[in-house]
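Novice: So here's my_file-v7.cif, just mmCIF, C-alpha atoms:
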```cif
data_entry
#
loop_
_atom_site.group_PDB
_atom_site.id
_atom_site.type_symbol
_atom_site.label_atom_id
_atom_site.label_comp_id
_atom_site.auth_asym_id
_atom_site.auth_seq_id
_atom_site.Cartn_x
_atom_site.Cartn_y
_atom_site.Cartn_z
ATOM 1 C CA MET O 1 49.514 -2.378 177.713
ATOM 2 C CA ALA O 2 53.103 -1.586 176.831
ATOM 3 C CA MET O 3 55.608 -1.728 179.628
ATOM 4 C CA MET O 4 58.885 0.126 179.974
ATOM 5 C CA VAL O 5 61.845 -2.158 180.459
ATOM 6 C CA SER O 6 64.851 -0.331 181.895
ATOM 7 C CA VAL O 7 68.182 -2.138 181.920
ATOM 8 C CA SER O 8 71.480 -0.638 182.995
ATOM 9 C CA ASN O 9 73.661 -3.623 183.835
ATOM 10 C CA SER O 10 72.891 -6.061 181.047
ATOM 11 C CA PHE O 11 73.579 -3.900 177.996
ATOM 12 C CA LEU O 12 77.319 -3.707 177.954
ATOM 13 C CA THR O 13 80.175 -2.345 175.935
ATOM 14 C CA SER O 14 83.680 -3.699 175.923
ATOM 15 C CA ASN O 15 87.158 -2.713 174.861
ATOM 16 C CA SER O 16 88.365 -6.293 175.242
ATOM 17 C CA PRO O 17 86.651 -9.674 175.155
ATOM 18 C CA ASN O 18 87.022 -10.152 178.902
ATOM 19 C CA HIS O 19 86.637 -6.695 180.470
ATOM 20 C CA LEU O 20 83.218 -5.085 180.504
ATOM 21 C CA GLN O 21 82.003 -1.576 181.070
ATOM 22 C CA THR O 22 78.408 -0.731 181.891
ATOM 23 C CA SER O 23 76.843 1.394 179.188
ATOM 24 C CA ARG O 24 74.617 4.309 179.963
ATOM 25 C CA ARG O 25 71.094 3.418 181.032
ATOM 26 C CA ARG O 26 68.754 2.694 178.154
ATOM 27 C CA ARG O 27 65.008 2.283 178.174
ATOM 28 C CA PHE O 28 62.948 0.039 175.951
ATOM 29 C CA CYS O 29 59.254 -0.007 175.277
ATOM 30 C CA ALA O 30 58.126 -3.573 174.757
ATOM 31 C CA MET O 31 54.895 -5.485 174.893
ATOM 32 C CA ALA O 32 54.672 -8.281 177.394
ATOM 33 C CA THR O 33 54.723 -10.865 174.564
ATOM 34 C CA THR O 34 56.184 -8.887 171.640
ATOM 35 C CA GLY O 35 59.030 -6.461 171.122
ATOM 36 C CA VAL O 36 62.525 -6.603 172.613
ATOM 37 C CA ARG O 37 63.477 -8.102 175.957
ATOM 38 C CA VAL O 38 66.748 -8.947 177.640
ATOM 39 C CA THR O 39 67.425 -12.288 179.242
ATOM 40 C CA GLU O 40 70.314 -14.427 180.393
ATOM 41 C CA GLY O 41 71.666 -16.713 177.713
ATOM 42 C CA GLN O 42 74.112 -19.587 177.779
ATOM 43 C CA GLY O 43 77.217 -18.968 179.841
ATOM 44 C CA ASN O 44 75.246 -16.258 181.704
ATOM 45 C CA LEU O 45 75.808 -13.940 178.749
ATOM 46 C CA PRO O 46 73.261 -11.186 178.050
ATOM 47 C CA LYS O 47 70.908 -12.107 175.233
ATOM 48 C CA LEU O 48 68.205 -10.134 173.458
ATOM 49 C CA VAL O 49 64.981 -11.762 172.305
ATOM 50 C CA LEU O 50 63.040 -10.025 169.521
ATOM 51 C CA THR O 51 59.443 -11.167 169.048
ATOM 52 C CA SER O 52 57.256 -9.874 166.229
ATOM 53 C CA PRO O 53 53.460 -9.598 166.515
ATOM 54 C CA ASP O 54 53.091 -12.748 164.386
ATOM 55 C CA LYS O 55 55.362 -14.596 166.912
ATOM 56 C CA SER O 56 58.437 -14.837 164.717
ATOM 57 C CA GLU O 57 61.477 -14.559 166.948
ATOM 58 C CA ALA O 58 65.199 -13.787 166.852
ATOM 59 C CA GLU O 59 67.820 -14.147 169.569
ATOM 60 C CA ILE O 60 70.968 -12.004 169.650
ATOM 61 C CA TYR O 61 73.944 -12.269 171.974
ATOM 62 C CA LEU O 62 75.650 -8.983 172.759
ATOM 63 C CA PHE O 63 78.953 -10.855 172.728
ATOM 64 C CA GLY O 64 79.883 -10.713 169.065
ATOM 65 C CA GLY O 65 76.596 -9.038 168.151
ATOM 66 C CA CYS O 66 75.668 -12.550 167.047
ATOM 67 C CA VAL O 67 72.168 -13.559 165.951
ATOM 68 C CA THR O 68 71.946 -17.173 167.134
ATOM 69 C CA SER O 69 68.317 -18.023 166.375
ATOM 70 C CA TRP O 70 65.621 -17.086 163.862
ATOM 71 C CA LYS O 71 62.322 -18.824 164.428
ATOM 72 C CA VAL O 72 59.268 -18.348 162.265
ATOM 73 C CA ALA O 73 55.778 -18.428 163.757
ATOM 74 C CA SER O 74 55.648 -22.234 163.539
ATOM 75 C CA GLY O 75 58.573 -22.379 165.960
ATOM 76 C CA LYS O 76 61.012 -23.819 163.438
ATOM 77 C CA ASP O 77 64.548 -22.429 163.852
ATOM 78 C CA LEU O 78 66.162 -21.708 160.496
ATOM 79 C CA LEU O 79 69.628 -20.931 161.855
ATOM 80 C CA PHE O 80 72.134 -23.372 163.320
ATOM 81 C CA VAL O 81 74.541 -23.190 166.246
ATOM 82 C CA ARG O 82 77.218 -25.857 166.265
ATOM 83 C CA PRO O 83 77.231 -28.336 169.177
ATOM 84 C CA ASP O 84 80.848 -27.380 169.886
ATOM 85 C CA ALA O 85 79.942 -23.701 170.306
ATOM 86 C CA VAL O 86 81.118 -22.161 173.566
ATOM 87 C CA PHE O 87 79.630 -19.182 175.383
ATOM 88 C CA ASN O 88 82.592 -18.188 177.534
ATOM 89 C CA LYS O 89 83.826 -15.012 175.771
ATOM 90 C CA ILE O 90 87.132 -16.721 175.094
ATOM 91 C CA LYS O 91 86.105 -17.904 171.640
ATOM 92 C CA PRO O 92 83.514 -16.441 169.232
ATOM 93 C CA ILE O 93 80.097 -18.105 169.083
ATOM 94 C CA SER O 94 80.212 -20.819 166.416
ATOM 95 C CA GLY O 95 76.891 -20.525 164.652
ATOM 96 C CA GLY O 96 74.004 -18.226 163.840
ATOM 97 C CA ILE O 97 75.199 -15.105 162.014
ATOM 98 C CA PRO O 98 78.695 -14.216 163.249
ATOM 99 C CA HIS O 99 80.381 -11.006 162.100
ATOM 100 C CA CYS O 100 83.611 -11.104 160.151
ATOM 101 C CA PHE O 101 85.069 -7.602 160.604
ATOM 102 C CA PRO O 102 87.372 -5.869 159.760
ATOM 103 C CA GLN O 103 88.860 -8.908 158.048
ATOM 104 C CA PHE O 104 87.396 -11.999 156.385
ATOM 105 C CA GLY O 105 89.390 -15.182 156.804
ATOM 106 C CA PRO O 106 93.086 -15.274 157.712
ATOM 107 C CA GLY O 107 95.256 -12.202 157.364
ATOM 108 C CA VAL O 108 97.330 -9.710 159.302
ATOM 109 C CA ILE O 109 95.022 -9.885 162.353
ATOM 110 C CA GLN O 110 93.127 -12.776 163.929
ATOM 111 C CA GLN O 111 90.933 -15.055 161.799
ATOM 112 C CA HIS O 112 87.765 -13.217 160.686
ATOM 113 C CA GLY O 113 88.724 -10.109 162.678
ATOM 114 C CA PHE O 114 87.614 -8.994 166.129
ATOM 115 C CA GLY O 115 83.958 -8.021 165.592
ATOM 116 C CA ARG O 116 82.777 -11.443 166.736
ATOM 117 C CA ASN O 117 85.010 -11.349 169.834
ATOM 118 C CA MET O 118 83.783 -8.105 171.430
ATOM 119 C CA ASP O 119 80.676 -7.004 173.282
ATOM 120 C CA TRP O 120 78.293 -4.820 171.328
ATOM 121 C CA SER O 121 75.924 -2.385 173.071
ATOM 122 C CA VAL O 122 72.287 -1.530 172.427
ATOM 123 C CA VAL O 123 71.596 1.968 171.101
ATOM 124 C CA ASP O 124 67.964 1.684 169.991
ATOM 125 C CA SER O 125 64.959 -0.618 169.831
ATOM 126 C CA GLU O 126 61.616 -0.486 168.052
ATOM 127 C CA ASN O 127 58.329 -2.311 168.425
ATOM 128 C CA ALA O 128 56.357 -1.643 165.246
ATOM 129 C CA VAL O 129 52.984 -2.913 164.112
ATOM 130 C CA ASP O 130 54.497 -5.774 162.118
ATOM 131 C CA ASN O 131 58.050 -6.256 163.437
ATOM 132 C CA ALA O 132 60.494 -5.874 166.302
ATOM 133 C CA ALA O 133 63.917 -4.300 165.851
ATOM 134 C CA VAL O 134 67.080 -3.497 167.740
ATOM 135 C CA THR O 135 70.231 -1.574 166.797
ATOM 136 C CA LEU O 136 73.599 -2.581 168.237
ATOM 137 C CA GLU O 137 76.818 -0.599 168.249
ATOM 138 C CA LEU O 138 80.487 -1.520 168.304
ATOM 139 C CA LYS O 139 83.291 1.005 168.720
ATOM 140 C CA ASP O 140 87.050 0.769 168.823
ATOM 141 C CA GLY O 141 88.851 0.260 172.116
ATOM 142 C CA PRO O 142 92.179 -0.977 173.458
ATOM 143 C CA TYR O 143 91.441 -4.575 172.380
ATOM 144 C CA SER O 144 90.612 -3.692 168.763
ATOM 145 C CA ARG O 145 93.364 -1.086 168.539
ATOM 146 C CA SER O 146 95.940 -3.615 169.697
ATOM 147 C CA MET O 147 95.563 -5.279 166.285
ATOM 148 C CA TRP O 148 93.869 -2.628 164.087
ATOM 149 C CA ASP O 149 94.720 0.909 165.150
ATOM 150 C CA PHE O 150 91.728 2.860 163.858
ATOM 151 C CA ALA O 151 88.684 4.589 165.336
ATOM 152 C CA PHE O 152 85.385 3.337 163.933
ATOM 153 C CA GLN O 153 81.703 2.868 164.659
ATOM 154 C CA ALA O 154 79.724 -0.175 163.544
ATOM 155 C CA LEU O 155 75.929 -0.027 163.755
ATOM 156 C CA TYR O 156 73.997 -3.264 163.258
ATOM 157 C CA LYS O 157 70.213 -3.187 162.981
ATOM 158 C CA VAL O 158 68.297 -6.455 163.214
ATOM 159 C CA VAL O 159 64.595 -6.638 162.367
ATOM 160 C CA VAL O 160 62.366 -9.694 162.730
ATOM 161 C CA GLY O 161 58.987 -9.747 161.014
ATOM 162 C CA ALA O 162 56.503 -12.179 159.547
ATOM 163 C CA ASP O 163 58.631 -14.934 157.989
ATOM 164 C CA CYS O 164 61.604 -12.603 157.502
ATOM 165 C CA LEU O 165 64.799 -11.460 159.191
ATOM 166 C CA SER O 166 66.697 -8.401 158.008
ATOM 167 C CA THR O 167 70.033 -6.901 159.010
ATOM 168 C CA GLU O 168 71.737 -3.627 158.187
ATOM 169 C CA LEU O 169 75.431 -3.114 158.893
ATOM 170 C CA LYS O 170 76.864 0.416 158.759
ATOM 171 C CA ILE O 171 80.586 1.034 159.210
ATOM 172 C CA THR O 172 81.743 4.637 159.797
ATOM 173 C CA ASN O 173 85.299 5.932 159.889
ATOM 174 C CA THR O 174 85.500 8.083 163.037
ATOM 175 C CA ASP O 175 89.280 8.408 162.782
ATOM 176 C CA ASN O 176 91.319 11.276 161.320
ATOM 177 C CA LYS O 177 92.940 8.952 158.785
ATOM 178 C CA ALA O 178 91.620 6.614 156.107
ATOM 179 C CA PHE O 179 91.253 2.873 156.653
ATOM 180 C CA SER O 180 90.309 -0.186 154.613
ATOM 181 C CA PHE O 181 88.434 -3.322 155.664
ATOM 182 C CA ASN O 182 86.527 -6.305 154.376
ATOM 183 C CA THR O 183 83.648 -8.038 156.050
ATOM 184 C CA ALA O 184 81.035 -10.811 155.870
ATOM 185 C CA LEU O 185 78.029 -12.297 157.615
ATOM 186 C CA HIS O 186 79.044 -15.927 158.216
ATOM 187 C CA THR O 187 75.466 -17.251 158.244
ATOM 188 C CA TYR O 188 74.909 -20.838 159.405
ATOM 189 C CA PHE O 189 71.618 -22.240 158.080
ATOM 190 C CA ARG O 190 70.031 -25.341 159.555
ATOM 191 C CA ALA O 191 69.945 -27.864 156.701
ATOM 192 C CA SER O 192 70.105 -31.429 155.530
ATOM 193 C CA VAL O 193 73.431 -31.286 153.741
ATOM 194 C CA THR O 194 72.492 -34.024 151.264
ATOM 195 C CA GLY O 195 69.367 -32.143 150.164
ATOM 196 C CA ALA O 196 70.536 -28.522 150.397
ATOM 197 C CA SER O 197 71.187 -26.382 147.318
ATOM 198 C CA VAL O 198 71.731 -22.765 146.311
ATOM 199 C CA ARG O 199 70.423 -21.262 143.062
ATOM 200 C CA GLY O 200 71.444 -17.980 141.460
ATOM 201 C CA LEU O 201 75.230 -18.380 141.291
ATOM 202 C CA LYS O 202 75.536 -19.736 137.756
ATOM 203 C CA GLY O 203 78.042 -17.705 135.721
ATOM 204 C CA CYS O 204 79.869 -16.248 138.750
ATOM 205 C CA LYS O 205 83.652 -16.280 138.915
ATOM 206 C CA THR O 206 84.708 -18.695 141.637
ATOM 207 C CA LEU O 207 87.687 -19.082 143.949
ATOM 208 C CA ASN O 208 87.602 -22.692 145.117
ATOM 209 C CA LYS O 209 89.583 -23.227 148.321
ATOM 210 C CA ASP O 210 89.432 -27.013 147.995
ATOM 211 C CA PRO O 211 91.935 -28.651 148.233
ATOM 212 C CA ASP O 212 94.320 -25.803 149.180
ATOM 213 C CA PRO O 213 92.781 -22.772 150.940
ATOM 214 C CA LYS O 214 96.024 -20.814 150.488
ATOM 215 C CA ASN O 215 95.976 -21.282 146.716
ATOM 216 C CA PRO O 216 92.339 -21.087 145.552
ATOM 217 C CA ILE O 217 91.537 -22.342 142.088
ATOM 218 C CA GLU O 218 89.874 -19.802 139.787
ATOM 219 C CA GLY O 219 86.880 -20.973 137.809
ATOM 220 C CA GLN O 220 83.303 -20.231 136.821
ATOM 221 C CA GLU O 221 80.144 -21.730 138.252
ATOM 222 C CA ASP O 222 78.215 -23.667 135.612
ATOM 223 C CA ARG O 223 75.576 -25.319 137.787
ATOM 224 C CA ASP O 224 72.018 -24.053 138.124
ATOM 225 C CA ALA O 225 71.848 -25.487 141.642
ATOM 226 C CA VAL O 226 75.024 -25.678 143.733
ATOM 227 C CA THR O 227 75.008 -28.636 146.130
ATOM 228 C CA PHE O 228 77.182 -29.859 149.006
ATOM 229 C CA PRO O 229 78.361 -33.380 148.116
ATOM 230 C CA GLY O 230 81.551 -33.144 150.187
ATOM 231 C CA PHE O 231 83.874 -30.492 151.583
ATOM 232 C CA VAL O 232 82.836 -27.092 150.189
ATOM 233 C CA ASP O 233 84.688 -23.794 150.633
ATOM 234 C CA CYS O 234 84.086 -21.590 147.629
ATOM 235 C CA VAL O 235 83.999 -17.838 147.032
ATOM 236 C CA TYR O 236 81.667 -16.375 144.394
ATOM 237 C CA LEU O 237 82.804 -12.964 143.183
ATOM 238 C CA ASP O 238 80.310 -10.323 142.026
ATOM 239 C CA ALA O 239 77.419 -12.521 143.103
ATOM 240 C CA PRO O 240 73.834 -11.457 142.377
ATOM 241 C CA ASN O 241 71.807 -9.653 145.036
ATOM 242 C CA GLU O 242 69.303 -12.502 145.286
ATOM 243 C CA LEU O 243 69.933 -16.192 145.920
ATOM 244 C CA HIS O 244 67.477 -19.010 146.530
ATOM 245 C CA PHE O 245 68.404 -21.510 149.217
ATOM 246 C CA ASP O 246 66.709 -24.884 149.668
ATOM 247 C CA ASN O 247 67.700 -26.179 153.102
ATOM 248 C CA GLY O 248 66.696 -29.757 152.284
ATOM 249 C CA LEU O 249 64.244 -29.715 155.182
ATOM 250 C CA GLY O 250 61.258 -28.372 153.259
ATOM 251 C CA ASP O 251 62.073 -24.661 153.471
ATOM 252 C CA GLN O 252 62.855 -22.290 150.609
ATOM 253 C CA ILE O 253 64.717 -19.187 151.788
ATOM 254 C CA ILE O 254 65.234 -16.143 149.596
ATOM 255 C CA ILE O 255 68.479 -14.328 150.424
ATOM 256 C CA LYS O 256 68.481 -10.738 149.181
ATOM 257 C CA ASN O 257 71.146 -8.125 149.782
ATOM 258 C CA THR O 258 72.398 -4.676 148.923
ATOM 259 C CA ASN O 259 76.115 -3.865 148.796
ATOM 260 C CA TRP O 260 77.312 -7.326 149.766
ATOM 261 C CA SER O 261 79.138 -7.918 146.484
ATOM 262 C CA ASP O 262 80.269 -11.513 147.017
ATOM 263 C CA ALA O 263 79.041 -14.828 148.392
ATOM 264 C CA VAL O 264 80.732 -17.741 150.147
ATOM 265 C CA LEU O 265 79.475 -21.323 150.470
ATOM 266 C CA TRP O 266 80.993 -23.529 153.161
ATOM 267 C CA ASN O 267 80.484 -26.935 154.676
ATOM 268 C CA PRO O 268 83.354 -28.671 156.492
ATOM 269 C CA HIS O 269 82.179 -32.216 155.713
ATOM 270 C CA VAL O 270 83.912 -34.849 157.865
ATOM 271 C CA GLN O 271 86.233 -32.251 159.416
ATOM 272 C CA MET O 272 83.240 -31.677 161.723
ATOM 273 C CA GLU O 273 81.855 -35.190 161.878
ATOM 274 C CA ALA O 274 79.453 -34.378 164.718
ATOM 275 C CA CYS O 275 77.418 -31.766 162.853
ATOM 276 C CA TYR O 276 78.328 -31.237 159.185
ATOM 277 C CA ARG O 277 75.182 -33.034 158.030
ATOM 278 C CA ASP O 278 72.973 -30.513 159.822
ATOM 279 C CA PHE O 279 74.046 -27.150 158.378
ATOM 280 C CA VAL O 280 75.519 -25.233 155.487
ATOM 281 C CA CYS O 281 76.879 -21.692 155.433
ATOM 282 C CA VAL O 282 75.631 -19.271 152.783
ATOM 283 C CA GLU O 283 77.489 -16.053 153.471
ATOM 284 C CA ASN O 284 77.078 -12.542 152.125
ATOM 285 C CA ALA O 285 80.500 -10.917 151.933
ATOM 286 C CA LYS O 286 82.450 -7.884 150.819
ATOM 287 C CA LEU O 287 85.851 -9.391 150.080
ATOM 288 C CA GLY O 288 87.458 -6.545 148.186
ATOM 289 C CA ASP O 289 88.851 -3.794 150.401
ATOM 290 C CA VAL O 290 86.408 -1.033 151.297
ATOM 291 C CA LYS O 291 88.321 2.219 151.802
ATOM 292 C CA LEU O 292 86.739 4.909 153.958
ATOM 293 C CA GLU O 293 88.073 8.400 154.403
ATOM 294 C CA PRO O 294 87.450 10.157 157.746
ATOM 295 C CA GLY O 295 83.700 10.659 158.231
ATOM 296 C CA GLU O 296 82.691 8.295 155.406
ATOM 297 C CA SER O 297 80.376 5.302 155.873
ATOM 298 C CA TRP O 298 79.612 2.029 154.132
ATOM 299 C CA THR O 299 76.270 0.231 154.510
ATOM 300 C CA ALA O 300 75.059 -3.229 153.481
ATOM 301 C CA THR O 301 71.767 -5.010 154.056
ATOM 302 C CA GLN O 302 70.604 -8.622 154.093
ATOM 303 C CA LEU O 303 67.018 -9.858 153.943
ATOM 304 C CA LEU O 304 66.131 -13.502 154.625
ATOM 305 C CA THR O 305 62.575 -14.496 153.712
ATOM 306 C CA ILE O 306 60.682 -17.777 153.709
ATOM 307 C CA SER O 307 59.070 -18.071 150.290
#
```
The structure given in the file should be rewritten as structure tokens.

Specialist:
Amino acid sequence: MAMMVSVSNSFLTSNSPNHLQTSRRRRFCAMATTGVRVTEGQGNLPKLVLTSPDKSEAEIYLFGGCVTSWKVASGKDLLFVRPDAVFNKIKPISGGIPHCFPQFGPGVIQQHGFGRNMDWSVVDSENAVDNAAVTLELKDGPYSRSMWDFAFQALYKVVVGADCLSTELKITNTDNKAFSFNTALHTYFRASVTGASVRGLKGCKTLNKDPDPKNPIEGQEDRDAVTFPGFVDCVYLDAPNELHFDNGLGDQIIIKNTNWSDAVLWNPHVQMEACYRDFVCVENAKLGDVKLEPGESWTATQLLTIS
């Protein structure tokens, strides 16, 4: 029997990382063991748990709109949250699938933008026959406008199904003037760094940020399987819409996308001695500026599947 879960104080919006407003009351239809439920996460932050009928599961923090866990039916978590991650709303959550918006990397505003430093709100949820889904929303406010003075709406739909996790990010210009942005999903995958590899990037133009991130070296990828033998921070321009990731732990993950034109591979090596052996980042990105006129939208999708 489905039960209605009504939450008015846990689904929050925010115009700054430290000041919350209660969103309007929303109602969710969820099964007792499947669907979407709200719970208290680390640091007493609101967290959503999505459970599909086959018992695959995803966890999403409203702070940063950050997916922090993706478990398949076996219970294995395929994402990674760093041991130094904090859940205090002072810093973004280090791990899972953080948002980089409206800027990737360093630039005129804070590193990787403000999307990962604000509270997102829930606007919809679904409990289908074969999956569970939720849609989050982020809008401009005093905090975002203090560094990027534009009105916008970001909608982020997350769907967990049998052995798959999909996301859809839609950015809309709600201002009366044009703006430009770039963005990425900074996905941390649980991995054995010595055994992990990514296939599908051969032939791509590369911007290698090792040894000097401020002066990347242009090149071309000539390897069938890209590995992580040391520090890795490399951009792949015009990457294909399907990559194959071997996490070195016995899992093969297919990474498909639409409209994410670039890819980034990152592992900090001994700069993060405590955890670099346990993860790699394979990131879908849009590094060239996306320009939106008033009323225009841009949408990109990512689909992660265990093969």

Novice: What's around Lys205 in chain O at 6 Å? Count only C-alpha atoms, leave out sequence neighbours fewer than 2 positions away in its own chain, and write the answer as a list in words.

Specialist: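 Non-adjacent residues within range: Gly219, Gln220, Tyr236 and Leu237 of chain O.
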
Novice: Using C-alpha atoms, can you export the residues from the last selection as an mmCIF file, in the frame of the given file?

Specialist:
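File written: selection-v1.cif
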```cif
data_model
loop_
_atom_site.group_PDB
_atom_site.id
_atom_site.type_symbol
_atom_site.label_atom_id
_atom_site.label_comp_id
_atom_site.auth_asym_id
_atom_site.auth_seq_id
_atom_site.Cartn_x
_atom_site.Cartn_y
_atom_site.Cartn_z
ATOM 1 C CA GLY O 219 86.880 -20.973 137.809
ATOM 2 C CA GLN O 220 83.303 -20.231 136.821
ATOM 3 C CA TYR O 236 81.667 -16.375 144.394
ATOM 4 C CA LEU O 237 82.804 -12.964 143.183
#
```

Novice: Pick the closest to Gly113 in chain O from O:Ile60, O:Val193, O:Val282, O:Ala184: which is it, counting only C-alpha atoms?

Specialist: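 Among O:Ile60, O:Val193, O:Val282, O:Ala184, it is O:Ala184 that comes nearest to Gly113 in chain O.
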
Novice: What lies within 6 Å of Leu243 in chain O using all atoms listed in the file, ignoring chain neighbours under 5 positions off, as a PyMOL selection string?

Specialist: chain O and resi 199-200+254-255

Novice: Residues of the last selection are to be written out with C-alpha atoms, as a PDB file, in the coordinates of the input.

Specialist:
```
ATOM      1  CA  ARG O 199      70.423 -21.262 143.062  1.00  0.00           C
ATOM      2  CA  GLY O 200      71.444 -17.980 141.460  1.00  0.00           C
ATOM      3  CA  ILE O 254      65.234 -16.143 149.596  1.00  0.00           C
ATOM      4  CA  ILE O 255      68.479 -14.328 150.424  1.00  0.00           C
TER       5      ILE O 255
END
```

Novice: Given the choices O:Lys177, O:Arg37, O:Lys209, O:Lys170, which gets closest to Phe150 in chain O if the distance is worked out from all atoms listed in the file?

Specialist: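 The answer is O:Lys177, which sits nearest to Phe150 in chain O.
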
Novice: Between CA of Asn267 in chain O and CA of Val198 in chain O, what distance in Å does the model show, to one decimal?

Specialist: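 It comes out at 12.8 Å.
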
Novice: List the residues selected by the PyMOL selection byres ((chain O and resi 83-100) around 9) in the file shown, writing them as a count of residues only.

Specialist: 46

Novice: Extract, using all atoms listed in the file, all DNA, RNA and protein residues at most 8 Å from Val38 in chain O, discarding same-chain residues fewer than 6 positions from it, and format them as an mmCIF file with C-alpha atoms, in the coordinates of the input.

Specialist:
```
data_model
loop_
_atom_site.group_PDB
_atom_site.id
_atom_site.type_symbol
_atom_site.label_atom_id
_atom_site.label_comp_id
_atom_site.auth_asym_id
_atom_site.auth_seq_id
_atom_site.Cartn_x
_atom_site.Cartn_y
_atom_site.Cartn_z
ATOM 1 C CA SER O 10 72.891 -6.061 181.047
ATOM 2 C CA PRO O 46 73.261 -11.186 178.050
ATOM 3 C CA LYS O 47 70.908 -12.107 175.233
ATOM 4 C CA LEU O 48 68.205 -10.134 173.458
ATOM 5 C CA VAL O 49 64.981 -11.762 172.305
#
```

Novice: Name the residues in contact with range 129-143 of chain O at a cut-off of 6 Å, using only C-alpha atoms, excluding same-chain residues fewer than 3 positions from it; report them as a ChimeraX atom specification.

Specialist: /O:15-16,35,50,52-53,120-126,146,151-161

Novice: Can you pull out the residues contacting Ser197 in chain O? Cut-off 6 Å, using all atoms listed in the file, and skip same-chain residues under 4 positions away; I want them as a PyMOL selection string.

Specialist: chain O and resi 225-227+245-246

Novice: For this file, the PyMOL selection byres ((chain O and resi 229-234) around 7) selects which residues, as JSON, numbers by chain?

Specialist: {"O": [194, 206, 207, 208, 209, 210, 227, 228, 235, 236, 264, 265, 266, 267, 268, 269]}

Novice: Which is closer to Glu218 in chain O than all the others in O:Ala300, O:Ala239, O:Cys204, O:Ile171, using only C-alpha atoms?

Specialist: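 Nearest candidate to Glu218 in chain O out of O:Ala300, O:Ala239, O:Cys204, O:Ile171: O:Cys204.
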
Novice: Restricting the calculation to all atoms listed in the file: of O:Ala178, O:Val290, O:Leu169, O:Val108, which residue gets closest to Thr258 in chain O?

Specialist: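 Nearest candidate to Thr258 in chain O out of O:Ala178, O:Val290, O:Leu169, O:Val108: O:Leu169.
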
Novice: May I ask which of the residues O:Gly203, O:Leu304, O:Val270, O:Trp148 is the closest one to Phe181 in chain O, counting all atoms listed in the file?

Specialist: O:Trp148

Novice: Have a look at CA of Gly107 in chain O and CA of Leu201 in chain O and let me know their distance in Å, one decimal.

Specialist: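 Separating CA of Gly107 in chain O from CA of Leu201 in chain O is a distance of 26.4 Å.
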
Novice: Rounded to one decimal in Å, what is the spacing between CA of Asp54 in chain O and CA of Thr34 in chain O?

Specialist: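 CA of Thr34 in chain O lies at a distance of 8.8 Å from CA of Asp54 in chain O.
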
Novice: Using all atoms listed in the file, pick whichever of O:Lys291, O:Asp251, O:Glu296, O:Ala128 has the shortest atom-to-atom distance to Val36 in chain O.

Specialist: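 Comparing O:Lys291, O:Asp251, O:Glu296, O:Ala128 against Val36 in chain O, the winner is O:Ala128.
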
Novice: Pull the neighbourhood of (61.3, -17.0, 162.8) for me: all residues within 7 Å in file coordinates, counting all atoms listed in the file, as a ChimeraX atom specification.

Specialist: /O:56-58,70-73,75-77,163-164
